[in-house]
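Visitor: One structure coming up, written as structure tokens, with questions to follow.
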Amino acid sequence: MTEFIRKAQKVWEKFKDYVPTYDEVCEILEKEVVNIEDVAKLLNVEDKNSILLMASKAKKLTRENFGKVILLYAPLYISNYCQNGCVYCGFSCRKNYKREKLELDEIENELRAMKEEGIDSVIILTGEDRIHSPVDYIKQACKIAANYMSEVSVEVYPLFEEEYRSLANAGVVGITIYQETYQKEDYEKLHPFGPKKDFEFRLTAVERALSAGFHEACVGPLLGLSHPQKDVLCTLLHAEYLLDRFPKAEISVSFPRVRSAGIDFVPMFSVSDKEFIKFLIVARIYLPRVGIVISTREDARLRDALIDVCITKMSAGSKTTVGGYVPQEEEKDAQFEVEDRRTVAEVVESIIKKGLRPEFTNWVRGVNSL
Amino acid sequence: MFEIGGKTLKSRLFVGTGKLPDYSVIEKMYYEAGVEVFAVAVRRIGPNTKHTKNVLEYIPKDAVIMVNTSGAQDHKEAVKIAMIGRELTNSNWVKVEIEKDTKYLFPDSIETLKACEILVKEGFKVFPYIYPDLNLAKELELIGVEAVMPLGSPIGTNKGIGCEVLLKPIINEIKIPVIIDAGIGRPSHAAKAMEMGADAVLINTAIATSSDPVKMAIAFSKAVEAGRLAFEVGLLKEYEYAQASSPLEDFITG
């Protein structure tokens, strides 16, 4: 399983200082199949014209494979209890704030409020705490969500295969799980204690979920926690590995950047907009049929520009607090700050303005649980 | 005019709706390009929401809806999706599309055959999306599907009729209609498919992702008509050498 990380490391070492000329970029883009060595070279491109050329290829591939459709979803945080000491996260147990979890009737109210906004695809999220948010609690939440939404995914702590199977039976179709960083040494420093410390158990979670009957998986790093280019290479090879192993699954990648979470943490690397854009474009060029997801961590202007190039799925109207969709009086602590604060209606409007079709339904309700 | 699935159609151009930028173009394609059959992916038939309308609301009532099982990974899922699709659309035309990999979206022949057997028995008008495989097409014909839909080249590639040598035997041998599906990127590709003797074509990406889907549908519609007319008249043979009369001719023929 970790073979792809070694491969990424090797390719990176070989090409880390290799900056291709404009002509070389053209040559790579002309290829029918771009290999991982080409990707390593493209990741070093700085020249604006080369990046624009790469973007036009990415756009062509996106339209051919996905048409003019952008899928919309929203996250639902049901619990922020967490046993992990991740140094960068707003849910870290080192942070002293009020912990809460939603009761099942509150979850239903949240889903109703989301549905009223037009959302039809939800990701259920929790912190990592098997005592306060046991699998059965997550399962109950998903069952309720499946009554309201066409598509239910989870972004919860890594589970065992049997546990994933019980979620699949409850109507869950997708899993999102970020490895945070694929560089094990950095990973261990960033996760000093708590169950998340287990690098391999997290890394292999997607395989367990897909083996258990999930249809979709989204993987990626949290950019800035370690060397970004290396983590991008690892993500692409991870996605490719999953495609090879689970050819039926719909695999997506996402490259969230570290955001302020009200804690004292300075990321090891900063990732500029230019770099970020390049990463997404390169992902599309290497993996033409893989979904690319962008969250509300990014601002509206950038998201709007990217949906025209390579994005296939984006969140809209996100609330990253527990119980954020039903209006409340007090201000709450979020896992990270949302940059794109537009309403679902506003996001829809901007997608249509770009000549694209916002889509809320990816699976007709019930098909996956039949 | 041609008969297919128990209906008489004027247009031999079928259009997929999954990649369209805006469903409102469907009605324009019906009236301006004469498209009568629209393939609709069941997985995307969402209920009316605050922001989007159900795709079915945009399809003119006299048009034919071809339910598409895309997203199905085996015959069981395809059958269930077809059942749900029939309930939702009130149409019993079903395009059986079963793919086992999301990388190339190649059809799974074994699962497709199994699904078709069940769906024909369930009273559906079945249109399987297949590899250009003559043996499979024959099996499907025996089962009782309405037409076969072999791919011209892989989905979304716009590469045109890349499998000509495999498609021709199907067109020549199969008695039921042959609809070339997938890979057709230009009106000229569609014309070629029709010149070869295909009964219809199904276009998705090339129309949906063009800058003006309605105009492109009109272009395809005209190309399909032109190709069909040429096929009906009979294309002239190509010769390796010029056919100029030779001074030797009189001596040879005596």
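Labeling convention for the structure tokens: chains A, B, ... as they appear, residues from 1 per chain, ligands from 1 in order of appearance.
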Can you list, as a ChimeraX atom specification, every protein, DNA or RNA residue that comes within 12 Å of A:Gly323 when you count only C-alpha atoms, leaving out same-chain residues fewer than 4 positions away?

Guide: /A:75-80,99-114,124-126,318-319,327-334

Visitor: Which chain A residues are at most 6 Å from chain B (counting only C-alpha atoms), as a list of chain:residue names?

Guide: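 The answer, sorted by residue number, is A:Glu64, A:Asn65, A:Gly67, A:Lys68, A:Gly118, A:Pro247, A:Lys248, A:Arg289, A:Leu356, A:Arg357, A:Thr361, A:Asn362, A:Trp363, A:Val364.
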
Visitor: Could those selected residues go to a file with N, CA, C and O atoms, as an mmCIF file, in the first residue's frame?

Guide:
```
data_model
loop_
_atom_site.group_PDB
_atom_site.id
_atom_site.type_symbol
_atom_site.label_atom_id
_atom_site.label_comp_id
_atom_site.auth_asym_id
_atom_site.auth_seq_id
_atom_site.Cartn_x
_atom_site.Cartn_y
_atom_site.Cartn_z
ATOM 1 N N GLU A 64 -14.874 17.034 -21.808
ATOM 2 C CA GLU A 64 -15.071 15.754 -22.490
ATOM 3 C C GLU A 64 -15.588 14.680 -21.532
ATOM 4 O O GLU A 64 -16.456 13.903 -21.872
ATOM 5 N N ASN A 65 -15.029 14.676 -20.351
ATOM 6 C CA ASN A 65 -15.344 13.590 -19.425
ATOM 7 C C ASN A 65 -16.511 13.868 -18.491
ATOM 8 O O ASN A 65 -17.190 12.955 -18.049
ATOM 9 N N GLY A 67 -18.659 16.855 -18.960
ATOM 10 C CA GLY A 67 -19.639 17.774 -19.524
ATOM 11 C C GLY A 67 -19.634 19.110 -18.808
ATOM 12 O O GLY A 67 -18.627 19.514 -18.223
ATOM 13 N N LYS A 68 -20.790 19.778 -18.852
ATOM 14 C CA LYS A 68 -20.859 21.119 -18.253
ATOM 15 C C LYS A 68 -21.678 21.067 -16.963
ATOM 16 O O LYS A 68 -22.663 21.777 -16.800
ATOM 17 N N GLY A 118 -31.966 23.626 -0.658
ATOM 18 C CA GLY A 118 -31.835 22.991 -1.974
ATOM 19 C C GLY A 118 -30.781 21.901 -2.013
ATOM 20 O O GLY A 118 -30.574 21.271 -3.045
ATOM 21 N N PRO A 247 -11.796 -0.561 -9.795
ATOM 22 C CA PRO A 247 -12.135 0.123 -11.044
ATOM 23 C C PRO A 247 -13.575 0.625 -11.118
ATOM 24 O O PRO A 247 -13.876 1.535 -11.879
ATOM 25 N N LYS A 248 -14.473 0.040 -10.317
ATOM 26 C CA LYS A 248 -15.867 0.474 -10.370
ATOM 27 C C LYS A 248 -16.103 1.761 -9.587
ATOM 28 O O LYS A 248 -17.105 2.426 -9.765
ATOM 29 N N ARG A 289 -10.405 11.305 -15.711
ATOM 30 C CA ARG A 289 -11.744 10.908 -15.289
ATOM 31 C C ARG A 289 -11.959 10.954 -13.772
ATOM 32 O O ARG A 289 -12.968 10.484 -13.254
ATOM 33 N N LEU A 356 -22.585 26.754 -17.010
ATOM 34 C CA LEU A 356 -22.543 25.382 -16.505
ATOM 35 C C LEU A 356 -23.858 25.070 -15.792
ATOM 36 O O LEU A 356 -24.637 25.977 -15.501
ATOM 37 N N ARG A 357 -24.067 23.783 -15.535
ATOM 38 C CA ARG A 357 -25.317 23.381 -14.887
ATOM 39 C C ARG A 357 -25.064 22.891 -13.461
ATOM 40 O O ARG A 357 -24.352 21.907 -13.271
ATOM 41 N N THR A 361 -28.162 16.225 -7.626
ATOM 42 C CA THR A 361 -28.416 14.796 -7.497
ATOM 43 C C THR A 361 -27.432 14.007 -8.348
ATOM 44 O O THR A 361 -27.380 14.190 -9.563
ATOM 45 N N ASN A 362 -26.679 13.145 -7.711
ATOM 46 C CA ASN A 362 -25.757 12.292 -8.455
ATOM 47 C C ASN A 362 -26.237 10.848 -8.477
ATOM 48 O O ASN A 362 -25.852 10.078 -9.326
ATOM 49 N N TRP A 363 -27.063 10.512 -7.531
ATOM 50 C CA TRP A 363 -27.626 9.160 -7.482
ATOM 51 C C TRP A 363 -29.090 9.299 -7.139
ATOM 52 O O TRP A 363 -29.431 9.961 -6.177
ATOM 53 N N VAL A 364 -29.934 8.663 -7.919
ATOM 54 C CA VAL A 364 -31.341 8.739 -7.576
ATOM 55 C C VAL A 364 -31.530 8.033 -6.236
ATOM 56 O O VAL A 364 -30.891 7.031 -5.952
#
```

Visitor: Return the single residue from B:Ala226, B:Leu140, B:Val94, B:Ile174 that is closest to B:Ile110, with distances computed using only C-alpha atoms.

Guide: B:Leu140

Visitor: Do you know which residues are at most 8 Å from A:Glu128 counting only C-alpha atoms, after dropping those on the same chain fewer than 5 positions away, and could you put them as a list in words?

Guide: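 Residues near the query, excluding close chain neighbours: Tyr81, Cys82, Gln83, Asn84, Ser133, Val156, Tyr157, Pro195 and Lys196 of chain A.
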
Visitor: Write out as an mmCIF file with all heavy atoms, in the first residue's frame the residues lying within 7 Å of stretch 31-46 of chain A, counting only C-alpha atoms and excluding same-chain residues fewer than 4 positions away.

Guide:
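Final output, saved to around-v8.cif:
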```cif
data_model
loop_
_atom_site.group_PDB
_atom_site.id
_atom_site.type_symbol
_atom_site.label_atom_id
_atom_site.label_comp_id
_atom_site.auth_asym_id
_atom_site.auth_seq_id
_atom_site.Cartn_x
_atom_site.Cartn_y
_atom_site.Cartn_z
ATOM 1 N N VAL A 11 10.262 9.703 -7.750
ATOM 2 C CA VAL A 11 10.038 10.580 -8.901
ATOM 3 C C VAL A 11 10.341 12.025 -8.518
ATOM 4 O O VAL A 11 10.947 12.781 -9.276
ATOM 5 C CB VAL A 11 8.568 10.452 -9.401
ATOM 6 C CG1 VAL A 11 8.277 11.466 -10.493
ATOM 7 C CG2 VAL A 11 8.309 9.055 -9.916
ATOM 8 N N TRP A 12 9.912 12.374 -7.327
ATOM 9 C CA TRP A 12 10.146 13.732 -6.857
ATOM 10 C C TRP A 12 11.647 14.037 -6.767
ATOM 11 O O TRP A 12 12.117 15.070 -7.236
ATOM 12 C CB TRP A 12 9.479 13.946 -5.481
ATOM 13 C CG TRP A 12 9.890 15.230 -4.862
ATOM 14 C CD1 TRP A 12 10.678 15.412 -3.791
ATOM 15 C CD2 TRP A 12 9.558 16.533 -5.345
ATOM 16 N NE1 TRP A 12 10.878 16.742 -3.557
ATOM 17 C CE2 TRP A 12 10.197 17.451 -4.500
ATOM 18 C CE3 TRP A 12 8.797 17.009 -6.411
ATOM 19 C CZ2 TRP A 12 10.096 18.816 -4.682
ATOM 20 C CZ3 TRP A 12 8.689 18.373 -6.594
ATOM 21 C CH2 TRP A 12 9.333 19.258 -5.731
ATOM 22 N N PHE A 15 13.178 14.656 -10.237
ATOM 23 C CA PHE A 15 12.779 15.816 -11.041
ATOM 24 C C PHE A 15 12.548 17.100 -10.247
ATOM 25 O O PHE A 15 12.014 18.064 -10.778
ATOM 26 C CB PHE A 15 11.510 15.487 -11.840
ATOM 27 C CG PHE A 15 11.708 14.429 -12.883
ATOM 28 C CD1 PHE A 15 11.259 13.129 -12.659
ATOM 29 C CD2 PHE A 15 12.342 14.717 -14.082
ATOM 30 C CE1 PHE A 15 11.445 12.143 -13.614
ATOM 31 C CE2 PHE A 15 12.532 13.740 -15.042
ATOM 32 C CZ PHE A 15 12.086 12.448 -14.809
ATOM 33 N N TYR A 18 13.820 20.144 -11.918
ATOM 34 C CA TYR A 18 13.652 20.154 -13.368
ATOM 35 C C TYR A 18 12.505 21.090 -13.761
ATOM 36 O O TYR A 18 11.346 20.815 -13.481
ATOM 37 C CB TYR A 18 13.358 18.741 -13.867
ATOM 38 C CG TYR A 18 13.423 18.577 -15.365
ATOM 39 C CD1 TYR A 18 14.514 17.967 -15.971
ATOM 40 C CD2 TYR A 18 12.385 19.038 -16.178
ATOM 41 C CE1 TYR A 18 14.571 17.827 -17.346
ATOM 42 C CE2 TYR A 18 12.438 18.895 -17.555
ATOM 43 C CZ TYR A 18 13.536 18.289 -18.129
ATOM 44 O OH TYR A 18 13.591 18.147 -19.491
ATOM 45 N N VAL A 19 12.852 22.200 -14.398
ATOM 46 C CA VAL A 19 11.798 23.127 -14.830
ATOM 47 C C VAL A 19 11.673 23.029 -16.353
ATOM 48 O O VAL A 19 12.590 23.431 -17.074
ATOM 49 C CB VAL A 19 12.114 24.576 -14.405
ATOM 50 C CG1 VAL A 19 10.991 25.515 -14.851
ATOM 51 C CG2 VAL A 19 12.327 24.653 -12.902
ATOM 52 N N PRO A 20 10.584 22.482 -16.854
ATOM 53 C CA PRO A 20 10.474 22.306 -18.302
ATOM 54 C C PRO A 20 10.275 23.629 -19.037
ATOM 55 O O PRO A 20 9.685 24.564 -18.490
ATOM 56 C CB PRO A 20 9.228 21.417 -18.456
ATOM 57 C CG PRO A 20 8.436 21.631 -17.225
ATOM 58 C CD PRO A 20 9.396 22.003 -16.137
ATOM 59 N N GLU A 27 5.024 19.649 -25.537
ATOM 60 C CA GLU A 27 5.268 18.253 -25.904
ATOM 61 C C GLU A 27 4.547 17.291 -24.949
ATOM 62 O O GLU A 27 3.916 16.327 -25.387
ATOM 63 C CB GLU A 27 6.772 17.988 -25.826
ATOM 64 C CG GLU A 27 7.307 17.139 -26.946
ATOM 65 C CD GLU A 27 8.821 17.170 -26.938
ATOM 66 O OE1 GLU A 27 9.407 18.127 -27.508
ATOM 67 O OE2 GLU A 27 9.395 16.261 -26.332
ATOM 68 N N GLN A 229 4.283 19.839 -3.124
ATOM 69 C CA GLN A 229 4.429 19.101 -4.383
ATOM 70 C C GLN A 229 4.500 17.592 -4.146
ATOM 71 O O GLN A 229 3.917 16.814 -4.879
ATOM 72 C CB GLN A 229 5.681 19.544 -5.151
ATOM 73 C CG GLN A 229 5.421 20.641 -6.148
ATOM 74 C CD GLN A 229 5.704 22.010 -5.557
ATOM 75 O OE1 GLN A 229 5.841 22.137 -4.338
ATOM 76 N NE2 GLN A 229 5.772 23.026 -6.395
ATOM 77 N N PHE A 279 -1.744 22.792 -9.152
ATOM 78 C CA PHE A 279 -1.936 21.431 -8.636
ATOM 79 C C PHE A 279 -3.227 20.815 -9.191
ATOM 80 O O PHE A 279 -3.256 19.658 -9.605
ATOM 81 C CB PHE A 279 -2.002 21.423 -7.110
ATOM 82 C CG PHE A 279 -0.720 21.833 -6.437
ATOM 83 C CD1 PHE A 279 -0.722 22.235 -5.107
ATOM 84 C CD2 PHE A 279 0.488 21.812 -7.118
ATOM 85 C CE1 PHE A 279 0.461 22.608 -4.478
ATOM 86 C CE2 PHE A 279 1.672 22.189 -6.496
ATOM 87 C CZ PHE A 279 1.651 22.588 -5.169
ATOM 88 N N VAL A 282 -2.880 20.070 -12.953
ATOM 89 C CA VAL A 282 -2.029 18.891 -13.182
ATOM 90 C C VAL A 282 -2.793 17.612 -12.824
ATOM 91 O O VAL A 282 -2.691 16.590 -13.522
ATOM 92 C CB VAL A 282 -0.712 19.007 -12.385
ATOM 93 C CG1 VAL A 282 0.060 17.692 -12.404
ATOM 94 C CG2 VAL A 282 0.148 20.118 -12.958
ATOM 95 N N TYR A 286 -3.363 14.523 -15.453
ATOM 96 C CA TYR A 286 -2.882 13.161 -15.186
ATOM 97 C C TYR A 286 -4.042 12.163 -15.077
ATOM 98 O O TYR A 286 -3.940 11.025 -15.516
ATOM 99 C CB TYR A 286 -2.059 13.146 -13.894
ATOM 100 C CG TYR A 286 -1.417 11.808 -13.612
ATOM 101 C CD1 TYR A 286 -0.540 11.234 -14.532
ATOM 102 C CD2 TYR A 286 -1.682 11.119 -12.435
ATOM 103 C CE1 TYR A 286 0.046 10.006 -14.289
ATOM 104 C CE2 TYR A 286 -1.093 9.891 -12.178
ATOM 105 C CZ TYR A 286 -0.234 9.336 -13.108
ATOM 106 O OH TYR A 286 0.352 8.114 -12.863
#
```

Visitor: Atom CA of B:Lys237 and atom CA of B:Leu202 are how many Å apart?

Guide: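 Value for the atom CA of B:Lys237-atom CA of B:Leu202 distance: 27.2 Å.
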
Visitor: Could you give me the residues within stretch 43-222 of chain B that DSSP places in strand (DSSP E), as a PyMOL selection string?

Guide: chain B and resi 64-68+93-96+125-130+149-150+179-181+200-203

Visitor: Take the selection from the previous step and output its residues with N, CA and C atoms, as a compact mmCIF listing (two decimals), in the first residue's frame.

Guide:
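selection.txt written:
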```txt
# COMPACT_ATOMS: atom_id res chain seq x y z
N VAL B 64 -39.45 10.99 -27.01
CA VAL B 64 -39.29 9.68 -26.37
C VAL B 64 -38.16 9.77 -25.34
N ILE B 65 -38.44 9.30 -24.15
CA ILE B 65 -37.38 9.27 -23.13
C ILE B 65 -36.75 7.89 -23.13
N MET B 66 -35.44 7.87 -23.28
CA MET B 66 -34.70 6.62 -23.18
C MET B 66 -33.99 6.63 -21.82
N VAL B 67 -34.51 5.83 -20.91
CA VAL B 67 -33.93 5.75 -19.57
C VAL B 67 -32.54 5.13 -19.66
N ASN B 68 -31.57 5.75 -19.03
CA ASN B 68 -30.19 5.25 -19.09
C ASN B 68 -29.77 4.73 -17.72
N TRP B 93 -38.52 2.52 -22.56
CA TRP B 93 -37.28 2.43 -23.33
C TRP B 93 -36.11 2.51 -22.35
N VAL B 94 -35.24 1.54 -22.39
CA VAL B 94 -34.10 1.60 -21.46
C VAL B 94 -32.79 1.32 -22.19
N LYS B 95 -31.86 2.24 -22.02
CA LYS B 95 -30.50 2.02 -22.51
C LYS B 95 -29.73 1.34 -21.39
N VAL B 96 -29.34 0.09 -21.65
CA VAL B 96 -28.60 -0.64 -20.62
C VAL B 96 -27.13 -0.28 -20.73
N LYS B 125 -38.43 -2.05 -23.57
CA LYS B 125 -37.81 -1.95 -24.88
C LYS B 125 -36.33 -1.71 -24.60
N VAL B 126 -35.51 -2.70 -24.88
CA VAL B 126 -34.14 -2.68 -24.37
C VAL B 126 -33.12 -2.29 -25.44
N PHE B 127 -32.28 -1.33 -25.11
CA PHE B 127 -31.25 -0.82 -26.02
C PHE B 127 -29.89 -0.95 -25.33
N PRO B 128 -29.19 -2.05 -25.52
CA PRO B 128 -27.91 -2.21 -24.81
C PRO B 128 -26.74 -1.47 -25.47
N TYR B 129 -25.99 -0.79 -24.63
CA TYR B 129 -24.73 -0.14 -25.05
C TYR B 129 -23.63 -1.19 -24.95
N ILE B 130 -22.97 -1.48 -26.09
CA ILE B 130 -22.03 -2.62 -26.10
C ILE B 130 -20.72 -2.28 -26.83
N MET B 149 -26.45 -0.98 -29.43
CA MET B 149 -25.79 0.33 -29.46
C MET B 149 -24.28 0.18 -29.27
N PRO B 150 -23.58 -0.27 -30.33
CA PRO B 150 -22.13 -0.41 -30.18
C PRO B 150 -21.43 0.94 -30.17
N ILE B 179 -27.48 1.26 -33.51
CA ILE B 179 -27.32 2.68 -33.19
C ILE B 179 -25.88 2.88 -32.72
N ILE B 180 -25.14 3.70 -33.42
CA ILE B 180 -23.75 3.91 -33.00
C ILE B 180 -23.76 4.93 -31.85
N ASP B 181 -23.15 4.51 -30.75
CA ASP B 181 -23.20 5.31 -29.54
C ASP B 181 -21.76 5.51 -29.04
N ALA B 200 -29.14 4.68 -36.62
CA ALA B 200 -29.23 5.94 -35.88
C ALA B 200 -27.91 6.15 -35.14
N VAL B 201 -27.74 7.36 -34.60
CA VAL B 201 -26.57 7.62 -33.75
C VAL B 201 -27.06 8.28 -32.45
N LEU B 202 -26.30 8.07 -31.39
CA LEU B 202 -26.60 8.77 -30.14
C LEU B 202 -25.41 9.66 -29.80
N ILE B 203 -25.68 10.94 -29.65
CA ILE B 203 -24.60 11.90 -29.39
C ILE B 203 -24.83 12.55 -28.03
```

Visitor: Any idea what's packed within 7 Å of stretch 217-220 of chain A, counting only C-alpha atoms, ignoring anything in its chain fewer than 2 positions away? Could you give it as a ChimeraX atom specification?

Guide: /A:174-179,206,222,235,250-255

Visitor: If you measure from atom CA of A:Tyr187 to atom CA of A:Arg6, what distance in Å do you get, rounded to one decimal?

Guide: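 Going from atom CA of A:Tyr187 over to atom CA of A:Arg6, I get 15.3 Å.
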
Visitor: For A:Lys313, please output as a ChimeraX atom specification all residues within 6 Å (counting only C-alpha atoms; exclusion window: fewer than 2 positions along the same chain).

Guide: /A:70-72,293,311
